[in-house]
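Q: This one is run27.tsv, TSV, C-alpha atoms and all ligand atoms.
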```tsv
chain	number	residue	atom	x	y	z
F	1	MET	CA	-44.04	74.72	-51.82
F	2	HIS	CA	-44.26	73.54	-48.22
F	3	ARG	CA	-41.04	74.24	-46.37
F	4	LYS	CA	-40.54	72.07	-43.34
F	5	ARG	CA	-39.20	73.95	-40.33
F	6	ILE	CA	-36.39	71.87	-38.84
F	7	LEU	CA	-34.47	72.35	-35.60
F	8	VAL	CA	-30.88	71.05	-35.45
F	9	THR	CA	-29.42	71.08	-31.94
F	10	GLY	CA	-25.62	71.12	-32.02
F	11	GLY	CA	-26.01	72.60	-35.50
F	12	ALA	CA	-22.74	74.56	-35.39
F	13	GLY	CA	-20.67	71.42	-34.85
F	14	PHE	CA	-18.98	69.13	-37.33
F	15	LEU	CA	-21.95	66.93	-38.30
F	16	GLY	CA	-24.57	69.57	-37.46
F	17	SER	CA	-23.16	72.21	-39.81
F	18	HIS	CA	-23.13	69.81	-42.77
F	19	LEU	CA	-26.64	68.69	-41.86
F	20	CYS	CA	-27.95	72.30	-41.76
F	21	GLU	CA	-26.43	72.88	-45.19
F	22	LYS	CA	-28.00	69.75	-46.68
F	23	LEU	CA	-31.42	70.46	-45.16
F	24	LEU	CA	-31.37	74.02	-46.55
F	25	ASN	CA	-30.34	72.70	-49.97
F	26	LYS	CA	-33.44	70.51	-49.91
F	27	GLY	CA	-35.61	73.61	-49.50
F	28	ASN	CA	-36.27	73.45	-45.76
F	29	GLU	CA	-36.17	76.19	-43.16
F	30	VAL	CA	-33.47	75.46	-40.55
F	31	LEU	CA	-33.13	76.60	-36.95
F	32	CYS	CA	-29.60	75.89	-35.78
F	33	MET	CA	-29.19	75.84	-32.01
F	34	ASP	CA	-25.80	75.63	-30.29
F	35	ASN	CA	-23.90	76.76	-27.20
F	36	TYR	CA	-20.60	76.77	-29.17
F	37	PHE	CA	-18.81	74.46	-26.71
F	38	THR	CA	-17.15	72.45	-29.47
F	39	GLY	CA	-18.89	74.02	-32.45
F	40	SER	CA	-18.26	77.40	-33.99
F	41	LYS	CA	-20.05	80.15	-35.88
F	42	ASP	CA	-17.36	79.73	-38.53
F	43	ASN	CA	-18.86	76.34	-39.41
F	44	VAL	CA	-22.15	77.98	-40.43
F	45	ARG	CA	-20.97	81.48	-41.42
F	46	HIS	CA	-21.60	80.66	-45.10
F	47	LEU	CA	-25.28	79.98	-44.29
F	48	LEU	CA	-25.99	83.23	-42.45
F	49	ASP	CA	-27.14	85.10	-45.56
F	50	ASN	CA	-29.78	82.47	-46.30
F	51	PRO	CA	-33.19	83.88	-45.20
F	52	TYR	CA	-34.34	80.35	-44.30
F	53	PHE	CA	-31.47	79.85	-41.84
F	54	GLU	CA	-31.62	81.02	-38.22
F	55	LEU	CA	-28.84	80.73	-35.68
F	56	ILE	CA	-29.79	80.51	-32.00
F	57	ARG	CA	-27.45	80.54	-29.02
F	58	ASN	CA	-28.91	78.23	-26.42
F	59	ASP	CA	-27.79	75.40	-24.21
F	60	VAL	CA	-29.80	72.26	-24.93
F	61	THR	CA	-30.13	71.69	-21.17
F	62	HIS	CA	-32.29	74.86	-21.05
F	63	PRO	CA	-35.81	74.29	-22.37
F	64	PHE	CA	-36.60	75.77	-25.79
F	65	PHE	CA	-39.93	76.53	-27.40
F	66	TYR	CA	-40.17	76.70	-31.19
F	67	GLU	CA	-42.82	75.65	-33.68
F	68	VAL	CA	-41.05	73.00	-35.75
F	69	ASP	CA	-41.90	69.93	-37.83
F	70	GLU	CA	-38.71	67.98	-37.12
F	71	ILE	CA	-35.90	67.96	-34.57
F	72	TYR	CA	-32.43	66.50	-35.07
F	73	ASN	CA	-30.87	66.28	-31.60
F	74	LEU	CA	-27.12	66.38	-32.16
F	75	ALA	CA	-26.00	68.62	-29.28
F	76	CYS	CA	-23.25	66.84	-27.33
F	77	PRO	CA	-19.47	66.95	-27.46
F	78	ALA	CA	-18.36	63.85	-29.38
F	79	SER	CA	-14.61	63.58	-28.88
F	80	PRO	CA	-13.25	61.91	-25.72
F	81	ILE	CA	-11.12	64.97	-24.81
F	82	HIS	CA	-14.13	67.26	-24.97
F	83	TYR	CA	-16.72	65.03	-23.33
F	84	GLN	CA	-14.33	64.19	-20.48
F	85	TYR	CA	-13.51	67.88	-19.86
F	86	ASN	CA	-16.70	68.32	-17.81
F	87	PRO	CA	-18.27	64.87	-17.43
F	88	ILE	CA	-21.23	66.05	-15.33
F	89	LYS	CA	-22.13	68.55	-18.06
F	90	THR	CA	-21.83	65.77	-20.65
F	91	VAL	CA	-24.42	63.67	-18.80
F	92	LYS	CA	-26.70	66.70	-18.42
F	93	THR	CA	-26.37	67.53	-22.11
F	94	SER	CA	-27.32	64.02	-23.19
F	95	VAL	CA	-30.09	63.41	-20.69
F	96	MET	CA	-31.64	66.87	-20.30
F	97	GLY	CA	-31.07	67.60	-23.99
F	98	ALA	CA	-33.05	64.47	-24.83
F	99	ILE	CA	-35.83	65.40	-22.38
F	100	ASN	CA	-36.07	68.95	-23.76
F	101	SER	CA	-36.07	67.75	-27.39
F	102	LEU	CA	-38.68	65.08	-26.63
F	103	GLY	CA	-40.80	67.50	-24.59
F	104	LEU	CA	-40.87	69.93	-27.50
F	105	ALA	CA	-41.61	67.12	-29.98
F	106	LYS	CA	-44.48	65.97	-27.79
F	107	ARG	CA	-45.98	69.46	-27.51
F	108	VAL	CA	-45.75	70.45	-31.17
F	109	LYS	CA	-46.10	66.89	-32.54
F	110	ALA	CA	-42.72	67.03	-34.28
F	111	LYS	CA	-40.69	64.05	-35.41
F	112	VAL	CA	-37.49	63.80	-33.37
F	113	LEU	CA	-34.19	62.08	-34.14
F	114	GLN	CA	-31.53	61.24	-31.58
F	115	ALA	CA	-27.85	61.16	-32.58
F	116	SER	CA	-26.84	58.09	-30.60
F	117	THR	CA	-23.53	56.33	-30.92
F	118	SER	CA	-21.64	53.08	-31.35
F	119	GLU	CA	-20.36	53.85	-27.83
F	120	VAL	CA	-23.57	52.31	-26.49
F	121	TYR	CA	-21.85	49.00	-27.35
F	122	GLY	CA	-18.83	49.96	-25.17
F	123	ASP	CA	-15.82	47.64	-25.62
F	124	PRO	CA	-17.88	45.07	-27.53
F	125	LYS	CA	-17.71	41.34	-27.03
F	126	GLU	CA	-19.76	40.76	-30.16
F	127	HIS	CA	-18.30	41.55	-33.55
F	128	PRO	CA	-19.49	43.19	-35.77
F	129	GLN	CA	-22.07	44.99	-33.65
F	130	LYS	CA	-25.75	44.45	-34.42
F	131	GLU	CA	-28.51	46.64	-32.96
F	132	THR	CA	-29.69	43.68	-30.87
F	133	TYR	CA	-26.38	43.57	-28.94
F	134	TRP	CA	-26.79	45.13	-25.47
F	135	GLY	CA	-23.17	46.21	-25.23
F	136	HIS	CA	-20.32	46.02	-22.75
F	137	VAL	CA	-20.01	49.43	-21.11
F	138	ASN	CA	-18.10	50.32	-17.96
F	139	PRO	CA	-20.54	52.55	-16.02
F	140	PHE	CA	-17.75	53.68	-13.69
F	141	GLY	CA	-14.97	54.67	-16.10
F	142	PRO	CA	-13.83	57.80	-17.95
F	143	ARG	CA	-16.07	57.16	-20.97
F	144	ALA	CA	-19.18	56.50	-18.85
F	145	CYS	CA	-20.43	60.11	-18.88
F	146	TYR	CA	-20.78	59.87	-22.65
F	147	ASP	CA	-21.72	56.20	-23.06
F	148	GLU	CA	-24.26	56.08	-20.24
F	149	GLY	CA	-25.64	59.54	-21.10
F	150	LYS	CA	-26.31	58.35	-24.64
F	151	ARG	CA	-27.78	55.05	-23.39
F	152	CYS	CA	-30.12	56.92	-21.07
F	153	ALA	CA	-31.13	59.20	-23.96
F	154	GLU	CA	-32.12	56.14	-26.00
F	155	THR	CA	-34.22	54.92	-23.07
F	156	LEU	CA	-35.96	58.30	-22.86
F	157	PHE	CA	-36.71	58.19	-26.58
F	158	LEU	CA	-38.26	54.73	-26.21
F	159	ASN	CA	-40.30	55.83	-23.17
F	160	TYR	CA	-41.62	59.05	-24.75
F	161	HIS	CA	-42.57	57.02	-27.79
F	162	GLN	CA	-44.39	54.33	-25.81
F	163	GLN	CA	-45.92	56.57	-23.17
F	164	ASN	CA	-46.66	59.71	-25.20
F	165	ASN	CA	-46.72	58.46	-28.77
F	166	VAL	CA	-43.83	60.71	-29.83
F	167	ASN	CA	-42.61	59.96	-33.36
F	168	ILE	CA	-38.95	58.98	-32.83
F	169	ARG	CA	-35.83	57.99	-34.75
F	170	ILE	CA	-32.55	56.77	-33.23
F	171	ILE	CA	-29.36	56.60	-35.26
F	172	ARG	CA	-26.31	54.83	-33.78
F	173	ILE	CA	-23.46	56.67	-35.45
F	174	PHE	CA	-20.11	54.91	-35.90
F	175	ASN	CA	-16.86	56.91	-36.25
F	176	THR	CA	-17.49	59.62	-38.82
F	177	TYR	CA	-14.95	62.08	-40.21
F	178	GLY	CA	-14.65	64.88	-42.73
F	179	PRO	CA	-14.09	68.62	-43.21
F	180	ARG	CA	-14.95	70.91	-40.24
F	181	MET	CA	-13.83	68.48	-37.58
F	182	HIS	CA	-12.23	70.54	-34.85
F	183	GLU	CA	-8.47	70.91	-35.33
F	184	ASN	CA	-7.80	70.03	-31.67
F	185	ASP	CA	-10.69	67.70	-31.35
F	186	GLY	CA	-8.50	64.74	-30.37
F	187	ARG	CA	-10.33	62.28	-32.59
F	188	VAL	CA	-8.07	60.04	-34.55
F	189	VAL	CA	-8.66	61.11	-38.16
F	190	SER	CA	-8.30	64.86	-37.53
F	191	ASN	CA	-5.36	64.26	-35.15
F	192	PHE	CA	-3.40	62.21	-37.67
F	193	ILE	CA	-4.09	64.54	-40.60
F	194	VAL	CA	-3.16	67.68	-38.64
F	195	GLN	CA	-0.01	66.02	-37.24
F	196	ALA	CA	1.02	64.80	-40.71
F	197	LEU	CA	0.46	68.20	-42.33
F	198	LYS	CA	2.45	69.96	-39.58
F	199	GLY	CA	5.25	67.37	-39.77
F	200	GLU	CA	4.68	66.42	-36.13
F	201	ASP	CA	4.86	62.89	-34.70
F	202	ILE	CA	1.78	60.75	-35.40
F	203	THR	CA	0.50	59.66	-31.99
F	204	VAL	CA	-0.71	56.07	-32.18
F	205	TYR	CA	-2.19	55.03	-28.84
F	206	GLY	CA	-1.09	51.55	-27.77
F	207	GLU	CA	0.30	49.35	-30.53
F	208	GLY	CA	-2.33	50.63	-32.96
F	209	ASN	CA	-3.91	47.20	-33.46
F	210	GLN	CA	-7.30	48.38	-32.16
F	211	THR	CA	-9.78	48.79	-35.01
F	212	ARG	CA	-12.36	51.33	-36.12
F	213	SER	CA	-14.55	51.69	-39.22
F	214	PHE	CA	-14.59	55.19	-40.66
F	215	CYS	CA	-17.58	56.72	-42.40
F	216	TYR	CA	-17.35	59.89	-44.48
F	217	VAL	CA	-19.71	62.68	-43.35
F	218	ASP	CA	-21.77	62.79	-46.60
F	219	ASP	CA	-22.56	59.06	-46.41
F	220	LEU	CA	-23.50	59.34	-42.75
F	221	LEU	CA	-25.85	62.28	-43.25
F	222	ASP	CA	-27.45	60.62	-46.24
F	223	GLY	CA	-28.35	57.73	-43.90
F	224	MET	CA	-29.49	60.08	-41.13
F	225	MET	CA	-31.86	62.01	-43.41
F	226	LYS	CA	-33.20	58.77	-44.95
F	227	LEU	CA	-34.00	57.58	-41.46
F	228	MET	CA	-35.81	60.82	-40.59
F	229	ASP	CA	-37.76	60.76	-43.86
F	230	GLY	CA	-38.52	57.03	-43.68
F	231	PRO	CA	-41.75	55.40	-42.50
F	232	ASP	CA	-43.00	56.07	-38.98
F	233	ASP	CA	-42.50	52.50	-37.80
F	234	LEU	CA	-38.70	53.04	-37.76
F	235	ASP	CA	-38.93	53.54	-34.01
F	236	TYR	CA	-35.84	51.52	-32.99
F	237	PRO	CA	-32.08	52.15	-33.10
F	238	ILE	CA	-30.37	51.74	-36.47
F	239	ASN	CA	-26.61	51.54	-37.01
F	240	ILE	CA	-25.20	53.92	-39.60
F	241	GLY	CA	-21.50	53.66	-40.37
F	242	ASN	CA	-19.01	52.20	-42.79
F	243	PRO	CA	-18.38	48.49	-42.16
F	244	LYS	CA	-14.89	48.53	-43.69
F	245	GLU	CA	-12.61	48.01	-40.70
F	246	PHE	CA	-9.03	49.30	-40.31
F	247	THR	CA	-6.45	49.15	-37.55
F	248	ILE	CA	-5.37	52.52	-36.18
F	249	LEU	CA	-1.83	51.75	-37.41
F	250	GLU	CA	-3.15	51.20	-40.94
F	251	LEU	CA	-4.91	54.56	-40.74
F	252	ALA	CA	-1.68	56.28	-39.60
F	253	GLU	CA	0.27	54.74	-42.49
F	254	LYS	CA	-2.40	55.72	-45.00
F	255	VAL	CA	-2.46	59.34	-43.79
F	256	ILE	CA	1.35	59.60	-43.94
F	257	LYS	CA	1.34	58.22	-47.48
F	258	MET	CA	-1.49	60.41	-48.74
F	259	THR	CA	-0.06	63.63	-47.29
F	260	GLY	CA	3.50	62.78	-48.38
F	261	SER	CA	4.50	63.66	-44.82
F	262	LYS	CA	7.86	62.97	-43.17
F	263	SER	CA	6.16	62.50	-39.79
F	264	LYS	CA	7.18	59.51	-37.68
F	265	ILE	CA	4.78	57.20	-35.87
F	266	VAL	CA	5.19	57.21	-32.07
F	267	ASN	CA	3.34	54.98	-29.60
F	268	ASN	CA	1.60	56.70	-26.67
F	269	PRO	CA	-0.22	54.87	-23.85
F	270	LEU	CA	-3.64	53.46	-24.69
F	271	PRO	CA	-6.38	55.42	-22.87
F	272	LYS	CA	-8.41	53.54	-20.24
F	273	ASP	CA	-11.45	51.62	-21.56
F	274	ASP	CA	-10.48	52.30	-25.19
F	275	PRO	CA	-12.59	49.82	-27.22
F	276	MET	CA	-10.39	47.24	-28.99
F	277	GLN	CA	-12.57	46.79	-32.04
F	278	ARG	CA	-15.58	48.36	-33.62
F	279	GLN	CA	-17.43	47.58	-36.82
F	280	PRO	CA	-21.10	48.18	-37.58
F	281	ASP	CA	-23.41	45.51	-38.89
F	282	ILE	CA	-25.48	47.62	-41.29
F	283	SER	CA	-27.90	44.95	-42.56
F	284	LEU	CA	-30.83	46.73	-40.90
F	285	ALA	CA	-30.00	50.07	-42.59
F	286	LYS	CA	-29.64	48.28	-45.93
F	287	GLU	CA	-32.96	46.51	-45.51
F	288	LYS	CA	-35.04	49.33	-44.03
F	289	LEU	CA	-33.49	52.42	-45.62
F	290	ASP	CA	-31.85	50.99	-48.72
F	291	TRP	CA	-28.73	52.75	-47.46
F	292	GLU	CA	-25.07	51.86	-47.59
F	293	PRO	CA	-21.94	54.01	-47.66
F	294	LYS	CA	-20.47	54.84	-51.06
F	295	ILE	CA	-17.33	56.82	-50.25
F	296	SER	CA	-14.07	54.91	-49.72
F	297	LEU	CA	-11.62	55.82	-46.96
F	298	GLU	CA	-9.11	57.06	-49.58
F	299	GLU	CA	-11.70	59.32	-51.21
F	300	GLY	CA	-12.91	60.70	-47.87
F	301	LEU	CA	-9.37	61.22	-46.57
F	302	GLU	CA	-8.48	63.11	-49.73
F	303	LYS	CA	-11.32	65.60	-49.15
F	304	THR	CA	-10.51	65.91	-45.44
F	305	ILE	CA	-6.79	66.41	-46.09
F	306	ALA	CA	-7.63	69.12	-48.66
F	307	TYR	CA	-9.81	70.88	-46.05
F	308	PHE	CA	-7.14	70.82	-43.33
F	309	SER	CA	-4.36	71.86	-45.77
F	310	ASP	CA	-6.38	74.95	-46.58
F	311	TYR	CA	-7.42	75.54	-42.95
F	312	LEU	CA	-3.84	75.39	-41.65
F	313	LYS	CA	-2.46	77.85	-44.25
T	401	LIG	P1	-19.17	68.20	-32.42
T	401	LIG	O1	-18.51	68.30	-31.10
T	401	LIG	O2	-18.47	68.80	-33.60
T	401	LIG	O3	-20.63	68.81	-32.40
T	401	LIG	C1	-21.43	68.87	-31.27
T	401	LIG	C2	-22.12	70.22	-31.25
T	401	LIG	O4	-22.99	70.28	-30.10
T	401	LIG	C3	-21.15	71.39	-31.13
T	401	LIG	O5	-21.50	72.41	-32.01
T	401	LIG	C4	-21.32	71.84	-29.67
T	401	LIG	O6	-20.98	73.19	-29.47
T	401	LIG	C5	-22.76	71.53	-29.43
T	401	LIG	N1	-23.09	71.35	-28.01
T	401	LIG	C6	-22.41	70.61	-27.08
T	401	LIG	N2	-23.02	70.70	-25.90
T	401	LIG	C7	-24.11	71.51	-26.07
T	401	LIG	C8	-25.12	71.98	-25.22
T	401	LIG	N3	-25.15	71.66	-23.93
T	401	LIG	N4	-26.07	72.78	-25.74
T	401	LIG	C9	-26.07	73.14	-27.05
T	401	LIG	N5	-25.13	72.73	-27.90
T	401	LIG	C10	-24.15	71.91	-27.42
T	401	LIG	O7	-19.41	66.64	-32.69
T	401	LIG	P2	-20.05	65.87	-33.93
T	401	LIG	O8	-19.06	64.88	-34.37
T	401	LIG	O9	-20.59	66.82	-34.91
T	401	LIG	O10	-21.22	65.07	-33.21
T	401	LIG	C11	-22.59	65.45	-33.33
T	401	LIG	C12	-23.46	64.41	-32.64
T	401	LIG	O11	-23.25	63.12	-33.23
T	401	LIG	C13	-23.15	64.25	-31.14
T	401	LIG	O12	-24.36	64.05	-30.46
T	401	LIG	C14	-22.30	63.00	-31.09
T	401	LIG	O13	-22.43	62.34	-29.86
T	401	LIG	C15	-22.90	62.18	-32.23
T	401	LIG	N6	-21.91	61.20	-32.75
T	401	LIG	C16	-20.87	61.61	-33.56
T	401	LIG	C17	-19.96	60.67	-33.99
T	401	LIG	C18	-18.81	61.03	-34.91
T	401	LIG	O14	-18.02	60.15	-35.23
T	401	LIG	N7	-18.68	62.23	-35.40
T	401	LIG	C19	-20.08	59.33	-33.59
T	401	LIG	C20	-21.12	58.97	-32.76
T	401	LIG	C21	-22.04	59.92	-32.35
T	402	LIG	N1	-6.25	57.29	-31.29
T	402	LIG	C1	-4.88	57.26	-31.54
T	402	LIG	N2	-4.21	58.44	-31.65
T	402	LIG	C2	-4.82	59.64	-31.55
T	402	LIG	C3	-6.23	59.68	-31.29
T	402	LIG	C4	-6.91	58.49	-31.15
T	402	LIG	O1	-4.29	56.17	-31.65
T	402	LIG	O2	-4.13	60.67	-31.67
T	402	LIG	C5	-7.00	56.02	-31.18
T	402	LIG	C6	-7.86	55.88	-29.94
T	402	LIG	O3	-7.10	55.35	-28.88
T	402	LIG	C7	-8.94	54.93	-30.42
T	402	LIG	C8	-9.09	55.27	-31.90
T	402	LIG	O4	-7.90	55.97	-32.27
T	402	LIG	O5	-8.52	53.60	-30.29
T	402	LIG	C9	-10.31	56.14	-32.21
T	402	LIG	O6	-10.30	57.23	-31.33
T	402	LIG	P1	-11.32	58.44	-31.42
T	402	LIG	O7	-11.05	59.31	-30.25
T	402	LIG	O8	-11.26	59.03	-32.77
T	402	LIG	O9	-12.76	57.77	-31.31
T	402	LIG	P2	-13.40	56.63	-30.36
T	402	LIG	O10	-12.36	56.05	-29.47
T	402	LIG	O11	-14.47	57.33	-29.65
T	402	LIG	O12	-13.86	55.64	-31.37
```
The structure in this file should be written as structure tokens.
Ligand code: NAD
Ligand code: UDP
A:
Amino acid sequence: MHRKRILVTGGAGFLGSHLCEKLLNKGNEVLCMDNYFTGSKDNVRHLLDNPYFELIRNDVTHPFFYEVDEIYNLACPASPIHYQYNPIKTVKTSVMGAINSLGLAKRVKAKVLQASTSEVYGDPKEHPQKETYWGHVNPFGPRACYDEGKRCAETLFLNYHQQNNVNIRIIRIFNTYGPRMHENDGRVVSNFIVQALKGEDITVYGEGNQTRSFCYVDDLLDGMMKLMDGPDDLDYPINIGNPKEFTILELAEKVIKMTGSKSKIVNNPLPKDDPMQRQPDISLAKEKLDWEPKISLEEGLEKTIAYFSDYLK
């Protein structure tokens, strides 16, 4: 049997660790590279005994040289608290990480996938967001290090493809949640669940009428791997996310109900440049990948709540 050798940058993070697991389960050899900024060895500890799994400490901004067939470039802090902690480093991670991943792909003729984001649409004026929408991003605000870094990475992917014939994939990921999110990650689903389980106030920013669409990790990774495995003309960005849209207040109420918590909802100030609404148009993913999410918010929350209940014991 031919085992593909696959590099996952950011492999010890939330999405990366689940991806490593799924790729190993499909019979591949996996190289997991991380600098452990927001990820942790604990996320992949259960894979360490697998002879086809290799853990490498490296910063994606430092060049790396491995013989691989595919590269999933996921290295980058994803939560606003973490990516705003050292904004210059966030830009370097996105831009130099993309250059290093693309440079390796070019040299060894590997296929390379970029984990892009719905943040490339900024605070969108078009709703739902289609891949053809150019976005509405503030290049001079607190989210710019992440949004513009990811936009520049997409540009690099396009340019390496056109100039050097590198085989590329770009997935625009919309809010995804599930087990192994960082407890103090600051993202809304993990924040609300942890607060509810600890009986602390649920911190809704603003009035909570901003919207997001939440995709469960298994659905998201199913789409990501279908994109990687799909035909080579999939050389343009594709939205992957769950189009079912909820207000943040609805999410808070759902989490309180499902955890049976006595927590109260409090309203904190809305962070600057917080997008008011976000919902993916996934027609392209349906058409090109025959992909759509299958897991409802209730089902996904149940699994995530079970994970955090156990984790916080
Ligand atoms: P995460 O923070 O859990 O994982 C990111 C991983 O990258 C961590 O393990 C971290 O230690 C590692 N990392 C960060 N900087 C690095 C560097 N310089 N060198 C090497 N490793 C580094 O976040 P996640 O939710 O798993 O996100 C994974 C990818 O998906 C990111 O690129 C993120 O931008 C993208 N994404 C995620 C979402 C989401 O909702 N989860 C949405 C859009 C895009
Ligand atoms: N949010 C909130 N309370 C929290 C954390 C986040 O109300 O404790 C809001 C946040 O203002 C945003 C939404 O939830 O409108 C999603 O935030 P997250 O950081 O998860 O992702 P992003 O803003 O990048 O979509």
Q: Given the choices F:Arg107, F:His82, F:Lys244, F:Lys125, which gets closest to ligand LIG 401 (chain T) if the distance is worked out from only C-alpha atoms and all ligand atoms?
A: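 Closest candidate: F:His82.
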Q: Can you pull out every residue with an atom within 9 Å of ligand LIG 402 (chain T)? Use all atoms listed in the file and format it as a PyMOL selection string.
A: chain F and resi 78-81+118-119+143+174-177+185-192+195+202-213+247-249+252+267-272+274-278
Q: Produce as number ranges by chain the set of residues near ligand LIG 401 (chain T), where near means within 7 Å with all atoms listed in the file considered.
A: F: 9-16, 33-40, 58-61, 73-79, 93, 115-118, 172-177, 181-182
Q: Which of these residues is nearest to Ser261 of chain F, using all atoms listed in the file: F:Leu23, F:Ala98, F:Ala110, F:Ile193?
A: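 Of the candidates, the smallest distance to Ser261 of chain F is held by F:Ile193.
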Q: How far is it from atom CA of Ile168 of chain F to atom CA of Gln114 of chain F, in Å with one decimal?
A: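 Computing it gives 7.9 Å between the two atoms.
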